[in-house]
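Data block below; observations after.
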Amino acid sequence: MSESYIETYYRDTLNTNNPREALTSDHDTEICVIGGGLAGLSTAIGLVEKGKKVTLIEANRIGWGASGRNGGYIAKGYAQGYKQLMKMVGLEHTKDLHKLSTHGRALIKEKIKKYNIDCGPIKNGVLGVSWNNHPEKVKEYIEWMRDDLNAPLEYWSTEKVREACKTERYYAGFYSPEDYQFHPLNYVHGLASAIEGHGGKIFEATKADKIDERPDGGYTVNTANGKIKCDQVVLCCSIYVDDLNKKLKYAAFPVYTYVMVTKPIDGALLDTALNTDYAIFDNRYAQDYYRRLPDNRILWGGRVSVTGVPKNLAEIMKQDLLKVYPQLAGAVEPEYAWGGSLCYAPHKMPQIGQLKPGYWYNTCFGGHGLVPTSVGGDVVSSAIAEGDERYKLFEPFSKLWFAGGPLSPYIAQSVYYAWRARDVMISGFSDFKPSFLGKK
Ligand SMILES: Cc1cc2nc3c(=O)[nH]c(=O)nc-3n(C[C@H](O)[C@H](O)[C@H](O)COP(=O)(O)OP(=O)(O)OC[C@H]3O[C@@H](n4cnc5c(N)ncnc54)[C@H](O)[C@@H]3O)c2cc1C
């Protein structure tokens, strides 16, 4: 357990950073949510808003995991791309999942407004750019998204893309007006305060060690310094679930991914490279995603590995940036560089469902989790409080397939290398799948 955040730009720009107390005695509640990332917090806010008595426990600090370390892109969709999803579950089901996703994206803005959460600047507009010159494929993709999924995307020619991103690396792309960016850790803290405002309890530095089923149908969550008696339990532990639930542990594999934030760069110089404050991502399997921060820093994300955080991460990320914007050589100095762990299922979709009555899981949001955690929190809280069955849209992905056990990280790494090789060797077109991961 860690009682402090790792060093990130987000930690150092938090509005308030007051730790919450740990659980020190036995405690009764209706629903115990385990895990204080956005999956847990989104579930808890949905429950308290519907009048439920909720206790959330977090082993470290709220937002300590991926939820406080990510790129801050709020974009529709799932880690699995829509075209692949259509092959898996058909068009109508994909349309329903897409509707949920756009609802989840709107829900985040709704919470920000309702609870006056200071997690800006909130900037609408995400730009997907091509690494290869296939404008007709970009147009096809935009049409498909518009006609089949009713997603408004605007075509940007190579010239227009290069006015915003002054690099010869990029070709035509699309502008997504309704996706946006924010400060994820300030959002986490705002959501937590809102939960407490409704009477919900949050304990940090409190790890769930074991869950016992009681004869009356309820559950007891055991922690080092107290037991929580509850009617229902929701596991939102991501890749850290470990032996708390072995089925969930073996149904997912961990992947590390990275972010670097530069020191502020002279504004006029930055305009000669990244001349926009839209959030950018490219369409390679080994994709870069990045955005200009208000004080003229660049937040640069990408790459994956299974071996943790390389010692020279800052330099590696800087070189990735300079490959796209060589004109910034000499002006880019990394100030922060960090990694975070993602939770992937083999199908790359969230795992949402019940293991037994009242024992819920809401996890596996991969590299594209900000909107999907909002969706997961919404459908699970509505199912518990109101019997809503929308969570069943995730049934095709809730089977908890074995994901490779101890070998899974190495399988994931090999796939990543294959993706990178593919980027190098093939100059073809990959559909846009904003994963904020680096690959898929
Ligand atoms: C570098 C990086 C960049 C990313 N960029 C983006 C992006 O721009 N857009 C996007 O949509 N997605 C992005 N993602 C993915 C997104 O951040 C995740 O999918 C999402 O935050 C997952 O939320 P979560 O709540 O499931 O997991 P986490 O945020 O990891 O939270 C899980 C929490 O559960 C706690 N926990 C686990 N076990 C226990 C236990 N036994 N008892 C108590 N607590 C426990 C952990 O301490 C942890 O805090 C990125 C991720 C990373 C790492």
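Lettering and numbering for the structure tokens are positional, with chains as A, B, ... in the shown order, residues counted from 1 in each chain, and ligands counted from 1 in the shown order.
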
Where in region 251-327 of chain A does DSSP assign strand (DSSP E or B), given as an mmCIF file with N, CA and C atoms, in the first residue's frame?
data_model
loop_
_atom_site.group_PDB
_atom_site.id
_atom_site.type_symbol
_atom_site.label_atom_id
_atom_site.label_comp_id
_atom_site.auth_asym_id
_atom_site.auth_seq_id
_atom_site.Cartn_x
_atom_site.Cartn_y
_atom_site.Cartn_z
ATOM 1 N N PHE A 253 -4.818 -9.293 -18.124
ATOM 2 C CA PHE A 253 -3.369 -9.182 -18.096
ATOM 3 C C PHE A 253 -2.954 -7.707 -17.959
ATOM 4 N N PRO A 254 -1.818 -7.481 -17.310
ATOM 5 C CA PRO A 254 -1.372 -6.105 -17.076
ATOM 6 C C PRO A 254 -0.518 -5.568 -18.216
ATOM 7 N N VAL A 255 -0.647 -4.312 -18.494
ATOM 8 C CA VAL A 255 0.188 -3.646 -19.496
ATOM 9 C C VAL A 255 0.566 -2.278 -18.923
ATOM 10 N N TYR A 256 1.833 -1.937 -18.996
ATOM 11 C CA TYR A 256 2.274 -0.600 -18.576
ATOM 12 C C TYR A 256 2.217 0.357 -19.754
ATOM 13 N N THR A 257 1.845 1.584 -19.497
ATOM 14 C CA THR A 257 1.982 2.605 -20.532
ATOM 15 C C THR A 257 2.428 3.920 -19.884
ATOM 16 N N TYR A 258 2.801 4.900 -20.700
ATOM 17 C CA TYR A 258 3.613 6.008 -20.175
ATOM 18 C C TYR A 258 3.160 7.396 -20.631
ATOM 19 N N VAL A 259 3.520 8.361 -19.786
ATOM 20 C CA VAL A 259 3.279 9.770 -20.108
ATOM 21 C C VAL A 259 4.524 10.570 -19.728
ATOM 22 N N MET A 260 4.837 11.566 -20.545
ATOM 23 C CA MET A 260 5.904 12.508 -20.207
ATOM 24 C C MET A 260 5.321 13.922 -20.325
ATOM 25 N N VAL A 261 5.693 14.803 -19.413
ATOM 26 C CA VAL A 261 5.260 16.201 -19.516
ATOM 27 C C VAL A 261 6.512 17.070 -19.549
ATOM 28 N N THR A 262 6.566 17.945 -20.526
ATOM 29 C CA THR A 262 7.751 18.806 -20.682
ATOM 30 C C THR A 262 7.674 19.996 -19.730
ATOM 31 N N LEU A 274 3.301 22.460 -32.508
ATOM 32 C CA LEU A 274 1.952 22.065 -32.102
ATOM 33 C C LEU A 274 1.099 23.323 -31.978
ATOM 34 N N ALA A 279 -6.624 17.834 -28.469
ATOM 35 C CA ALA A 279 -5.856 16.641 -28.116
ATOM 36 C C ALA A 279 -5.640 15.825 -29.393
ATOM 37 N N ILE A 280 -4.419 15.314 -29.580
ATOM 38 C CA ILE A 280 -4.052 14.629 -30.836
ATOM 39 C C ILE A 280 -3.788 13.151 -30.570
ATOM 40 N N PHE A 281 -4.158 12.293 -31.517
ATOM 41 C CA PHE A 281 -3.618 10.922 -31.514
ATOM 42 C C PHE A 281 -3.433 10.479 -32.956
ATOM 43 N N ASP A 282 -2.515 9.526 -33.193
ATOM 44 C CA ASP A 282 -2.331 9.047 -34.559
ATOM 45 C C ASP A 282 -2.909 7.645 -34.695
ATOM 46 N N ASP A 288 1.133 7.524 -30.823
ATOM 47 C CA ASP A 288 1.416 8.616 -29.895
ATOM 48 C C ASP A 288 0.092 9.341 -29.640
ATOM 49 N N TYR A 289 -0.068 9.884 -28.432
ATOM 50 C CA TYR A 289 -1.197 10.783 -28.156
ATOM 51 C C TYR A 289 -0.664 11.893 -27.269
ATOM 52 N N TYR A 290 -1.079 13.102 -27.558
ATOM 53 C CA TYR A 290 -0.480 14.210 -26.817
ATOM 54 C C TYR A 290 -1.352 15.446 -26.918
ATOM 55 N N ARG A 291 -1.069 16.402 -26.034
ATOM 56 C CA ARG A 291 -1.827 17.654 -26.042
ATOM 57 C C ARG A 291 -0.995 18.764 -25.425
ATOM 58 N N ARG A 292 -1.364 19.971 -25.795
ATOM 59 C CA ARG A 292 -0.677 21.159 -25.288
ATOM 60 C C ARG A 292 -1.389 21.564 -24.004
ATOM 61 N N ILE A 298 3.988 20.276 -23.171
ATOM 62 C CA ILE A 298 3.344 19.198 -23.950
ATOM 63 C C ILE A 298 3.231 17.989 -23.044
ATOM 64 N N LEU A 299 2.024 17.418 -22.986
ATOM 65 C CA LEU A 299 1.816 16.135 -22.318
ATOM 66 C C LEU A 299 1.847 15.088 -23.416
ATOM 67 N N TRP A 300 2.821 14.187 -23.352
ATOM 68 C CA TRP A 300 3.073 13.246 -24.440
ATOM 69 C C TRP A 300 2.885 11.812 -23.944
ATOM 70 N N GLY A 301 1.979 11.061 -24.552
ATOM 71 C CA GLY A 301 1.721 9.694 -24.096
ATOM 72 C C GLY A 301 1.999 8.684 -25.185
ATOM 73 N N GLY A 302 2.315 7.461 -24.763
ATOM 74 C CA GLY A 302 2.500 6.398 -25.736
ATOM 75 C C GLY A 302 3.281 5.233 -25.174
ATOM 76 N N ARG A 303 3.590 4.286 -26.032
ATOM 77 C CA ARG A 303 4.399 3.088 -25.712
ATOM 78 C C ARG A 303 3.710 2.190 -24.694
ATOM 79 N N VAL A 304 4.052 0.918 -24.746
ATOM 80 C CA VAL A 304 3.633 -0.021 -23.705
ATOM 81 C C VAL A 304 4.752 -1.021 -23.457
ATOM 82 N N SER A 305 4.682 -1.660 -22.303
ATOM 83 C CA SER A 305 5.637 -2.705 -21.972
ATOM 84 C C SER A 305 5.057 -3.517 -20.819
#

task = Grab me every residue within 6 Å of ligand 1, counting only C-alpha atoms and all ligand atoms, and send it over as an MDAnalysis selection string.
result = chainID A and resid 34:40 57:60 62:67 69:74 206:209 236:238 240:241 257:259 339:342 363 365:371 436

Selection to disk with N, CA and C atoms, as a CSV table (one decimal), in the first residue's frame:
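As a result, selection.csv now contains:
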chain,number,residue,atom,x,y,z
A,34,ILE,N,-15.0,-1.6,-3.8
A,34,ILE,CA,-13.6,-1.8,-3.5
A,34,ILE,C,-12.8,-1.2,-4.7
A,35,GLY,N,-12.0,-0.2,-4.4
A,35,GLY,CA,-11.2,0.4,-5.5
A,35,GLY,C,-11.6,1.8,-5.7
A,36,GLY,N,-10.7,2.8,-5.5
A,36,GLY,CA,-11.0,4.2,-5.6
A,36,GLY,C,-10.4,4.8,-6.9
A,37,GLY,N,-10.4,4.1,-8.0
A,37,GLY,CA,-10.2,4.7,-9.3
A,37,GLY,C,-11.5,5.1,-9.9
A,38,LEU,N,-11.5,5.5,-11.2
A,38,LEU,CA,-12.8,6.1,-11.7
A,38,LEU,C,-13.9,5.0,-11.8
A,39,ALA,N,-13.5,3.7,-11.9
A,39,ALA,CA,-14.6,2.7,-12.0
A,39,ALA,C,-15.3,2.7,-10.6
A,40,GLY,N,-14.6,2.7,-9.5
A,40,GLY,CA,-15.2,2.6,-8.2
A,40,GLY,C,-15.9,3.9,-7.9
A,57,ILE,N,-13.7,1.7,-0.3
A,57,ILE,CA,-12.3,1.6,0.3
A,57,ILE,C,-11.3,1.5,-0.8
A,58,GLU,N,-10.2,2.2,-0.6
A,58,GLU,CA,-9.1,2.3,-1.5
A,58,GLU,C,-7.8,1.9,-0.8
A,59,ALA,N,-7.0,1.0,-1.4
A,59,ALA,CA,-5.8,0.5,-0.8
A,59,ALA,C,-4.7,1.6,-0.6
A,60,ASN,N,-4.7,2.6,-1.6
A,60,ASN,CA,-3.7,3.6,-1.6
A,60,ASN,C,-4.4,5.0,-1.4
A,62,ILE,N,-7.1,7.7,-3.4
A,62,ILE,CA,-8.1,7.7,-4.6
A,62,ILE,C,-7.4,8.2,-5.8
A,63,GLY,N,-7.6,7.5,-6.9
A,63,GLY,CA,-7.0,8.0,-8.2
A,63,GLY,C,-5.5,7.6,-8.2
A,64,TRP,N,-5.0,6.8,-7.3
A,64,TRP,CA,-3.6,6.4,-7.2
A,64,TRP,C,-3.2,5.6,-8.5
A,65,GLY,N,-4.1,4.8,-9.0
A,65,GLY,CA,-3.8,4.0,-10.2
A,65,GLY,C,-3.9,4.7,-11.5
A,66,ALA,N,-4.4,4.0,-12.5
A,66,ALA,CA,-4.4,4.6,-13.9
A,66,ALA,C,-5.3,5.9,-13.9
A,67,SER,N,-6.3,5.9,-13.0
A,67,SER,CA,-7.3,7.0,-13.1
A,67,SER,C,-6.7,8.4,-12.7
A,69,ARG,N,-3.4,9.0,-13.6
A,69,ARG,CA,-2.1,9.0,-14.3
A,69,ARG,C,-2.2,9.1,-15.8
A,70,ASN,N,-3.5,9.2,-16.3
A,70,ASN,CA,-3.7,9.0,-17.7
A,70,ASN,C,-3.5,10.3,-18.5
A,71,GLY,N,-3.9,10.2,-19.8
A,71,GLY,CA,-3.7,11.3,-20.7
A,71,GLY,C,-4.7,12.4,-20.6
A,72,GLY,N,-5.9,12.1,-20.0
A,72,GLY,CA,-6.9,13.0,-19.8
A,72,GLY,C,-7.8,13.2,-21.0
A,73,TYR,N,-7.8,12.2,-21.9
A,73,TYR,CA,-8.7,12.3,-23.1
A,73,TYR,C,-10.1,11.7,-22.7
A,74,ILE,N,-11.1,12.4,-22.9
A,74,ILE,CA,-12.5,11.9,-22.7
A,74,ILE,C,-13.0,11.6,-24.1
A,206,THR,N,-6.8,1.5,2.8
A,206,THR,CA,-7.6,0.4,3.4
A,206,THR,C,-7.8,-0.6,2.3
A,207,LYS,N,-7.0,-1.7,2.4
A,207,LYS,CA,-7.0,-2.7,1.4
A,207,LYS,C,-8.0,-3.8,1.8
A,208,ALA,N,-8.8,-4.2,0.8
A,208,ALA,CA,-9.7,-5.4,1.0
A,208,ALA,C,-8.8,-6.7,0.9
A,209,ASP,N,-8.7,-7.5,1.9
A,209,ASP,CA,-7.9,-8.6,1.9
A,209,ASP,C,-8.6,-9.9,1.5
A,236,CYS,N,-13.9,-3.1,-8.0
A,236,CYS,CA,-13.4,-2.2,-9.1
A,236,CYS,C,-11.9,-2.0,-8.9
A,237,CYS,N,-11.2,-3.2,-8.9
A,237,CYS,CA,-9.8,-3.2,-8.5
A,237,CYS,C,-8.8,-3.2,-9.6
A,238,SER,N,-9.3,-3.2,-10.9
A,238,SER,CA,-8.5,-3.2,-12.1
A,238,SER,C,-7.4,-4.3,-11.9
A,240,TYR,N,-5.0,-4.7,-10.1
A,240,TYR,CA,-4.5,-4.9,-8.7
A,240,TYR,C,-5.3,-5.9,-7.9
A,241,VAL,N,-6.3,-6.5,-8.5
A,241,VAL,CA,-7.2,-7.4,-7.8
A,241,VAL,C,-6.5,-8.5,-7.0
A,257,THR,N,1.8,1.6,-19.5
A,257,THR,CA,2.0,2.6,-20.5
A,257,THR,C,2.4,3.9,-19.9
A,258,TYR,N,2.8,4.9,-20.7
A,258,TYR,CA,3.6,6.0,-20.2
A,258,TYR,C,3.2,7.4,-20.6
A,259,VAL,N,3.5,8.4,-19.8
A,259,VAL,CA,3.3,9.8,-20.1
A,259,VAL,C,4.5,10.6,-19.7
A,339,GLY,N,4.7,6.0,-15.4
A,339,GLY,CA,4.0,4.9,-16.0
A,339,GLY,C,2.8,4.6,-15.2
A,340,GLY,N,1.9,3.8,-15.8
A,340,GLY,CA,0.7,3.3,-15.1
A,340,GLY,C,0.3,2.0,-15.6
A,341,SER,N,-0.4,1.2,-14.8
A,341,SER,CA,-0.8,-0.2,-15.2
A,341,SER,C,-2.2,-0.2,-15.8
A,342,LEU,N,-2.3,-0.9,-16.9
A,342,LEU,CA,-3.7,-1.1,-17.5
A,342,LEU,C,-4.1,-2.5,-17.3
A,363,THR,N,-14.6,-3.8,-14.2
A,363,THR,CA,-13.2,-3.7,-14.3
A,363,THR,C,-12.7,-3.9,-15.7
A,365,PHE,N,-10.7,-1.9,-18.0
A,365,PHE,CA,-11.0,-0.8,-18.9
A,365,PHE,C,-9.8,-0.5,-19.9
A,366,GLY,N,-8.7,-1.3,-19.8
A,366,GLY,CA,-7.7,-1.1,-20.8
A,366,GLY,C,-7.2,0.3,-20.9
A,367,GLY,N,-6.7,0.6,-22.1
A,367,GLY,CA,-6.1,1.9,-22.4
A,367,GLY,C,-7.1,3.0,-22.8
A,368,HIS,N,-8.4,2.7,-22.7
A,368,HIS,CA,-9.4,3.6,-23.1
A,368,HIS,C,-10.5,3.6,-22.0
A,369,GLY,N,-10.2,4.1,-20.9
A,369,GLY,CA,-11.1,3.8,-19.8
A,369,GLY,C,-11.9,5.0,-19.2
A,370,LEU,N,-11.6,6.2,-19.6
A,370,LEU,CA,-12.3,7.3,-18.8
A,370,LEU,C,-13.8,7.3,-19.1
A,371,VAL,N,-14.2,7.2,-20.3
A,371,VAL,CA,-15.6,7.2,-20.6
A,371,VAL,C,-16.2,5.8,-20.2
A,436,PHE,N,-5.2,5.3,-26.3
A,436,PHE,CA,-4.4,6.0,-25.3
A,436,PHE,C,-3.5,5.0,-24.6

key: Residues near Lys356 (chain A), cut-off 12 Å, only C-alpha atoms, skip fewer than 3 positions along chain, as an MDAnalysis selection string   = chainID A and resid 213 217:219 232:234 353 359:361

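Shortest separation to Ala194 (chain A) among A:Gly128, A:Gly46, A:Gly387, A:Pro19 occurs at residue A:Gly46, atoms counted being only C-alpha atoms.
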
request  = For region 98-105 of chain A, work out the shell of residues within 6 Å, counting only C-alpha atoms and skipping chain neighbours fewer than 6 positions away, then give it as a PyMOL selection string.
outcome  = chain A and resi 76-77+371+374-375

request  = Fewer than 2 positions away in the same chain doesn't count, so skip those; otherwise give me all residues within 9 Å of region 393-401 of chain A, counting only C-alpha atoms, as a ChimeraX atom specification.
outcome  = /A:88-89,93,96-97,247-248,250-252,345-354,389-391,403

ask   = Which polymer residues have any atom within 7 Å of an atom of Leu23 (chain A), counting only C-alpha atoms, with same-chain residues fewer than 3 positions away left out, as a list in words?
value = Phe203, Thr206, Asn225 and Gly226 of chain A

Save out the residues we just selected, N, CA and C atoms, as a compact mmCIF listing (two decimals), in the first residue's frame.
# COMPACT_ATOMS: atom_id res chain seq x y z
N PHE A 203 -12.69 5.48 2.59
CA PHE A 203 -11.51 5.23 3.40
C PHE A 203 -10.33 4.97 2.46
N THR A 206 -6.78 1.54 2.84
CA THR A 206 -7.59 0.45 3.37
C THR A 206 -7.77 -0.60 2.28
N ASN A 225 -7.69 -3.57 9.58
CA ASN A 225 -8.12 -2.98 10.86
C ASN A 225 -9.62 -2.86 11.02
N GLY A 226 -10.37 -3.65 10.28
CA GLY A 226 -11.82 -3.62 10.45
C GLY A 226 -12.52 -4.46 9.40

task = DSSP on the backbone, then: every residue of region 228-402 of chain A marked helix (DSSP H, G or I), written as number ranges by chain.
result = A: 238-240, 242-244, 246-250, 267-271, 313-324, 326-328, 370-386, 390-397

request  = Quick one: pull the distance between CA of Glu333 (chain A) and CA of Met317 (chain A), Å, one decimal.
outcome  = 10.6 Å

query = Within 12 Å of Leu14 (chain A), counting only C-alpha atoms, which residues qualify if same-chain residues fewer than 2 places away don't, as a PyMOL selection string?
reply = chain A and resi 5+7-12+16-18+63+68+118-120+183-190

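Minimum atom-to-atom distances from A:Cys364, A:Ala205, A:Leu47, A:Ile228 to Cys32 (chain A) were compared using only C-alpha atoms, and the lowest value belongs to A:Ile228.
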